[in-house]
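Structure file work_7.txt with compact mmCIF, C-alpha atoms:
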# COMPACT_ATOMS: atom_id res chain seq x y z
CA ARG A 1 -7.48 -19.70 3.87
CA ARG A 2 -8.65 -16.12 3.99
CA TRP A 3 -10.15 -13.53 6.28
CA THR A 4 -13.66 -12.50 5.31
CA VAL A 5 -16.28 -10.03 6.52
CA SER A 6 -19.90 -11.10 6.21
CA SER A 7 -20.84 -7.46 5.67
CA ALA A 8 -19.21 -4.16 6.51
CA GLY A 9 -19.97 -2.56 9.86
CA SER A 10 -17.75 -4.05 12.58
CA LEU A 11 -14.35 -5.65 13.12
CA ASP A 12 -16.20 -8.36 15.07
CA ARG A 13 -17.45 -9.71 11.75
CA LEU A 14 -13.99 -10.80 10.63
CA ALA A 15 -13.76 -14.58 10.29
CA LEU A 16 -11.07 -16.97 9.06
CA GLU A 17 -12.38 -19.51 6.55
CA HIS A 18 -11.23 -21.93 3.85
CA GLY A 19 -11.30 -20.46 0.37
CA ASN A 20 -12.75 -21.91 -2.81
CA HIS A 21 -10.22 -23.47 -5.21
CA GLN A 22 -12.26 -22.07 -8.11
CA ASP A 23 -11.21 -18.60 -6.96
CA LEU A 24 -7.61 -19.56 -7.77
CA GLU A 25 -8.23 -20.45 -11.41
CA ILE A 26 -5.56 -18.71 -13.48
CA LYS A 27 -6.85 -16.82 -16.49
CA GLU A 28 -4.96 -15.09 -19.26
CA GLY A 29 -2.66 -12.35 -17.99
CA MET A 30 -3.00 -13.48 -14.36
CA VAL A 31 -0.50 -14.78 -11.81
CA LYS A 32 -1.00 -16.99 -8.74
CA VAL A 33 0.85 -15.84 -5.62
CA GLN A 34 1.47 -17.54 -2.29
CA VAL A 35 0.98 -14.64 0.11
CA LYS A 36 3.69 -14.23 2.74
CA ALA A 37 2.75 -10.84 4.26
CA VAL A 38 -0.06 -8.30 4.00
CA GLY A 39 -0.29 -4.60 4.71
CA LEU A 40 -2.70 -3.07 7.22
CA ASN A 41 -3.93 0.42 6.32
CA PHE A 42 -6.54 2.87 7.52
CA ALA A 43 -8.50 2.00 4.37
CA ASP A 44 -8.70 -1.65 5.46
CA ILE A 45 -10.12 -0.71 8.86
CA PHE A 46 -12.53 1.81 7.36
CA ALA A 47 -13.69 -0.76 4.80
CA VAL A 48 -14.45 -3.39 7.45
CA GLN A 49 -16.31 -0.77 9.50
CA GLY A 50 -18.29 0.39 6.47
CA LEU A 51 -16.75 3.88 6.47
CA TYR A 52 -14.97 3.63 3.11
CA SER A 53 -16.88 4.54 -0.05
CA ALA A 54 -15.19 1.80 -2.09
CA THR A 55 -16.17 -0.98 0.32
CA PRO A 56 -17.67 -3.97 -1.57
CA GLN A 57 -21.30 -4.81 -0.95
CA GLY A 58 -22.01 -7.96 1.04
CA LYS A 59 -19.31 -10.48 1.95
CA PHE A 60 -15.72 -9.61 1.06
CA THR A 61 -12.06 -10.20 1.91
CA PRO A 62 -10.16 -7.07 3.05
CA GLY A 63 -6.57 -6.29 2.07
CA LEU A 64 -5.12 -3.93 -0.52
CA GLU A 65 -1.40 -4.80 -0.57
CA PHE A 66 0.65 -7.95 -0.13
CA SER A 67 3.93 -9.71 -0.86
CA GLY A 68 4.72 -13.32 -1.63
CA ILE A 69 6.09 -15.88 -4.09
CA ILE A 70 4.75 -16.61 -7.58
CA LEU A 71 3.39 -20.17 -7.83
CA ASP A 72 2.04 -20.13 -11.38
CA VAL A 73 1.84 -17.80 -14.37
CA GLY A 74 -1.04 -17.64 -16.83
CA GLU A 75 -0.85 -17.33 -20.59
CA ASN A 76 0.11 -14.09 -22.33
CA VAL A 77 1.61 -12.46 -19.25
CA LYS A 78 3.63 -9.58 -20.66
CA PRO A 79 6.81 -8.03 -19.25
CA VAL A 80 6.34 -5.06 -16.92
CA ASP A 81 9.10 -2.44 -16.86
CA GLY A 82 11.47 -5.01 -18.33
CA TRP A 83 10.53 -7.73 -15.82
CA ARG A 84 8.66 -10.87 -16.83
CA PRO A 85 6.95 -12.65 -13.90
CA ALA A 86 8.19 -16.22 -13.40
CA VAL A 87 7.47 -19.05 -10.98
CA GLY A 88 9.54 -18.61 -7.82
CA ASP A 89 9.88 -14.82 -8.10
CA LYS A 90 9.45 -12.86 -4.88
CA VAL A 91 6.95 -10.09 -5.50
CA MET A 92 4.93 -7.29 -3.94
CA GLY A 93 1.59 -6.19 -5.29
CA MET A 94 -1.77 -4.53 -4.90
CA THR A 95 -5.35 -5.68 -5.30
CA ARG A 96 -8.73 -3.99 -4.93
CA PHE A 97 -9.52 -5.94 -1.75
CA GLY A 98 -8.90 -9.67 -1.35
CA GLY A 99 -5.35 -9.46 -0.01
CA TYR A 100 -5.94 -11.10 3.39
CA THR A 101 -5.53 -14.64 2.14
CA THR A 102 -2.90 -17.35 1.82
CA HIS A 103 -3.16 -17.57 -1.99
CA LEU A 104 -4.19 -14.96 -4.51
CA VAL A 105 -4.70 -14.70 -8.26
CA VAL A 106 -3.96 -11.19 -9.50
CA ASN A 107 -3.35 -9.34 -12.74
CA ALA A 108 0.38 -9.41 -13.45
CA ALA A 109 0.31 -5.66 -14.14
CA PHE A 110 -0.24 -5.07 -10.41
CA LEU A 111 2.92 -6.93 -9.35
CA ARG A 112 6.51 -5.78 -9.08
CA PRO A 113 9.61 -7.76 -8.07
CA LEU A 114 10.52 -7.50 -4.41
CA PRO A 115 13.85 -5.63 -4.06
CA PRO A 116 16.58 -8.14 -3.14
CA THR A 117 17.35 -6.53 0.23
CA TRP A 118 13.70 -6.20 1.30
CA SER A 119 11.78 -8.56 3.56
CA PHE A 120 8.25 -9.67 2.74
CA ASP A 121 7.01 -7.39 5.53
CA GLN A 122 8.68 -4.39 3.91
CA GLY A 123 7.26 -5.20 0.51
CA ALA A 124 3.73 -5.62 1.87
CA SER A 125 3.80 -2.25 3.64
CA PHE A 126 5.20 -0.03 0.89
CA LEU A 127 2.92 0.29 -2.12
CA CYS A 128 -0.23 1.86 -0.65
CA THR A 129 1.63 4.67 1.09
CA ALA A 130 4.09 5.22 -1.77
CA LEU A 131 1.48 5.32 -4.52
CA THR A 132 -0.79 7.56 -2.43
CA ALA A 133 2.06 10.02 -1.95
CA TRP A 134 3.10 9.90 -5.61
CA TYR A 135 -0.46 10.33 -6.87
CA GLY A 136 -1.12 13.32 -4.64
CA LEU A 137 2.20 15.09 -5.22
CA VAL A 138 3.09 14.27 -8.81
CA THR A 139 -0.02 13.11 -10.67
CA ILE A 140 -2.44 15.62 -9.14
CA GLY A 141 -0.10 18.24 -7.67
CA GLY A 142 2.32 18.46 -10.58
CA LEU A 143 5.35 18.58 -8.27
CA ARG A 144 8.34 20.28 -9.88
CA LYS A 145 11.85 21.40 -8.96
CA GLY A 146 11.78 24.42 -6.67
CA HIS A 147 8.21 23.92 -5.47
CA ALA A 148 7.35 24.44 -1.79
CA VAL A 149 4.95 21.84 -0.36
CA LEU A 150 2.86 22.06 2.81
CA LEU A 151 2.90 18.46 4.02
CA HIS A 152 0.45 17.46 6.74
CA SER A 153 1.13 14.49 9.04
CA ALA A 154 4.68 14.42 7.73
CA ALA A 155 5.82 11.79 10.25
CA GLY A 156 3.18 9.26 9.18
CA GLY A 157 3.52 6.52 6.59
CA VAL A 158 2.41 8.57 3.59
CA GLY A 159 4.22 11.65 4.89
CA LEU A 160 7.61 9.97 5.18
CA VAL A 161 7.41 8.61 1.63
CA ALA A 162 6.20 12.01 0.44
CA LEU A 163 9.33 13.61 1.89
CA GLU A 164 11.48 11.26 -0.18
CA ILE A 165 9.54 12.19 -3.31
CA ILE A 166 9.81 15.91 -2.55
CA LYS A 167 13.56 15.56 -2.02
CA ALA A 168 13.97 13.61 -5.27
CA HIS A 169 12.26 16.46 -7.14
CA ASN A 170 14.54 19.07 -5.52
CA ALA A 171 11.53 20.69 -3.88
CA THR A 172 11.07 21.95 -0.31
CA ALA A 173 8.69 20.73 2.39
CA VAL A 174 7.04 22.62 5.24
CA CYS A 175 5.83 19.90 7.62
CA THR A 176 3.05 19.62 10.16
CA ILE A 177 3.10 16.97 12.91
CA GLY A 178 0.78 16.03 15.74
CA SER A 179 3.28 16.07 18.62
CA PRO A 180 6.70 17.62 19.35
CA GLU A 181 8.29 14.18 19.80
CA LYS A 182 8.01 13.54 16.06
CA ALA A 183 10.17 16.53 15.14
CA SER A 184 13.44 14.69 15.77
CA LEU A 185 12.49 12.01 13.25
CA LEU A 186 12.06 14.60 10.51
CA GLN A 187 15.23 16.45 11.47
CA GLU A 188 17.49 13.41 11.80
CA ARG A 189 16.14 11.29 8.94
CA HIS A 190 15.29 13.97 6.40
CA GLY A 191 17.22 17.04 7.51
CA ILE A 192 14.11 19.17 7.91
CA PRO A 193 15.03 22.36 9.81
CA ALA A 194 13.07 23.27 12.94
CA THR A 195 11.78 26.39 11.20
CA ALA A 196 9.99 24.17 8.65
CA ILE A 197 8.18 22.03 11.24
CA VAL A 198 4.83 23.04 12.75
CA VAL A 199 3.29 21.14 15.67
CA ARG A 200 -0.42 21.41 15.07
CA GLY A 201 -3.00 21.49 17.84
CA ALA A 202 -6.65 20.51 17.91
CA SER A 203 -7.69 24.15 17.28
CA GLY A 204 -5.22 24.81 14.46
CA ALA A 205 -4.24 28.03 16.22
CA GLN A 206 -0.59 27.60 15.19
CA PHE A 207 -1.54 28.59 11.64
CA SER A 208 -3.06 31.94 12.65
Same coordinates, now as structure tokens:
Amino acid sequence: RRWTVSSAGSLDRLALEHGNHQDLEIKEGMVKVQVKAVGLNFADIFAVQGLYSATPQGKFTPGLEFSGIILDVGENVKPVDGWRPAVGDKVMGMTRFGGYTTHLVVNAAFLRPLPPTWSFDQGASFLCTALTAWYGLVTIGGLRKGHAVLLHSAAGGVGLVALEIIKAHNATAVCTIGSPEKASLLQERHGIPATAIVVRGASGAQFS
């Protein structure tokens, strides 16, 4: 089964339906996964509402990240980072929509083994935020040791992962947050000093 949207524009258009077995045909380089958990992101909501530029035209299944168990492996599936997908492996992965389903066929390159201590929920809620943070900081931003980074919404999903990446690169973060209550999270979990935390207001006057 899978959740579908007849066309983007409203959450009211979400409907649960039975999928087509032909959609689960395994081709070369593909893997079939029994989905155990899915991630819910702003992009998913925006896509259903028609506010996301990458939203598919017409009917589609939302969902960008998931976790589950491999049920079958297609031909010529190559090892990824030293790991070769096998039936029974617990995995987490990404797909360009289509994740809100009970079964999914996906390119093996978009899967990674679920860390042994992680739950399916944790695996399904990690990749979008982590890859967004990495892409912005490292791929585009060229983060290096000694850099100072102004990090907006530091207490959000992407922000918290970004702080880990900044720390791993021996760089420094100056954080903005939306409310004073979030400051303790940054101080206790990441050791961010109060002098490096800015509570932003609607007017942005704190930056003047």
Give me the residues within 12 Å of Pro56 in chain A as a ChimeraX atom specification, counting only C-alpha atoms and dropping any in the same chain fewer than 4 places off. /A:4-9,44,46-52,60-63,96-98
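Excluding range 110-125 of chain A itself and any same-chain residue fewer than 2 positions from it, the protein and nucleic acid residues within 9 Å of it, counting all atoms listed in the file, are Val31, Lys36, Ala37, Val38, Gly39, Leu40, Asn41, Glu65, Phe66, Ser67, Gly68, Val80, Asp81, Trp83, Pro85, Asp89, Lys90, Val91, Met92, Gly93, Met94, Thr95, Val106, Asn107, Ala108, Leu127, Cys128 and Thr129 of chain A.
Residues surrounding range 157-170 of chain A within 8 Å are Thr129, Ala130, Thr132, Ala133, Trp134, Leu137, Leu143, Arg144, Lys145, Gly146, His147, Val149, Leu151, His152 and His190 of chain A [all atoms listed in the file; sequence separation below 5 positions excluded].
Between CA of Ser10 in chain A and CA of Tyr100 in chain A the separation is 16.5 Å.
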From (9.0, 20.8, 3.2), in the file's coordinates, out to 7 Å: which residues are reached, counting all atoms listed in the file? Answer as a ChimeraX atom specification.
/A:148-151,172-175,196
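Reported to one decimal place, the separation of CA of Ile197 in chain A from CA of Leu185 in chain A is 11.1 Å.
Nearest to Asn20 in chain A of all the residues A:Ser53, A:Asn76, A:Thr101, A:Gln34 is A:Thr101, based on all atoms listed in the file.
Computed from the coordinates, the CA of Arg189 in chain A to CA of Ile177 in chain A distance equals 14.8 Å.
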Checklist line | Surrounding residues of Gly29 in chain A excluding itself and chain neighbours under 4 positions, 6 Å, all atoms listed in the file, as a list of chain:residue names | finding: A:Gly74, A:Glu75, A:Asn76, A:Val77
Using only C-alpha atoms, the shortest atom-to-atom distance to Glu17 in chain A among A:Ser184, A:Thr102, A:Ser179, A:Thr139 belongs to A:Thr102
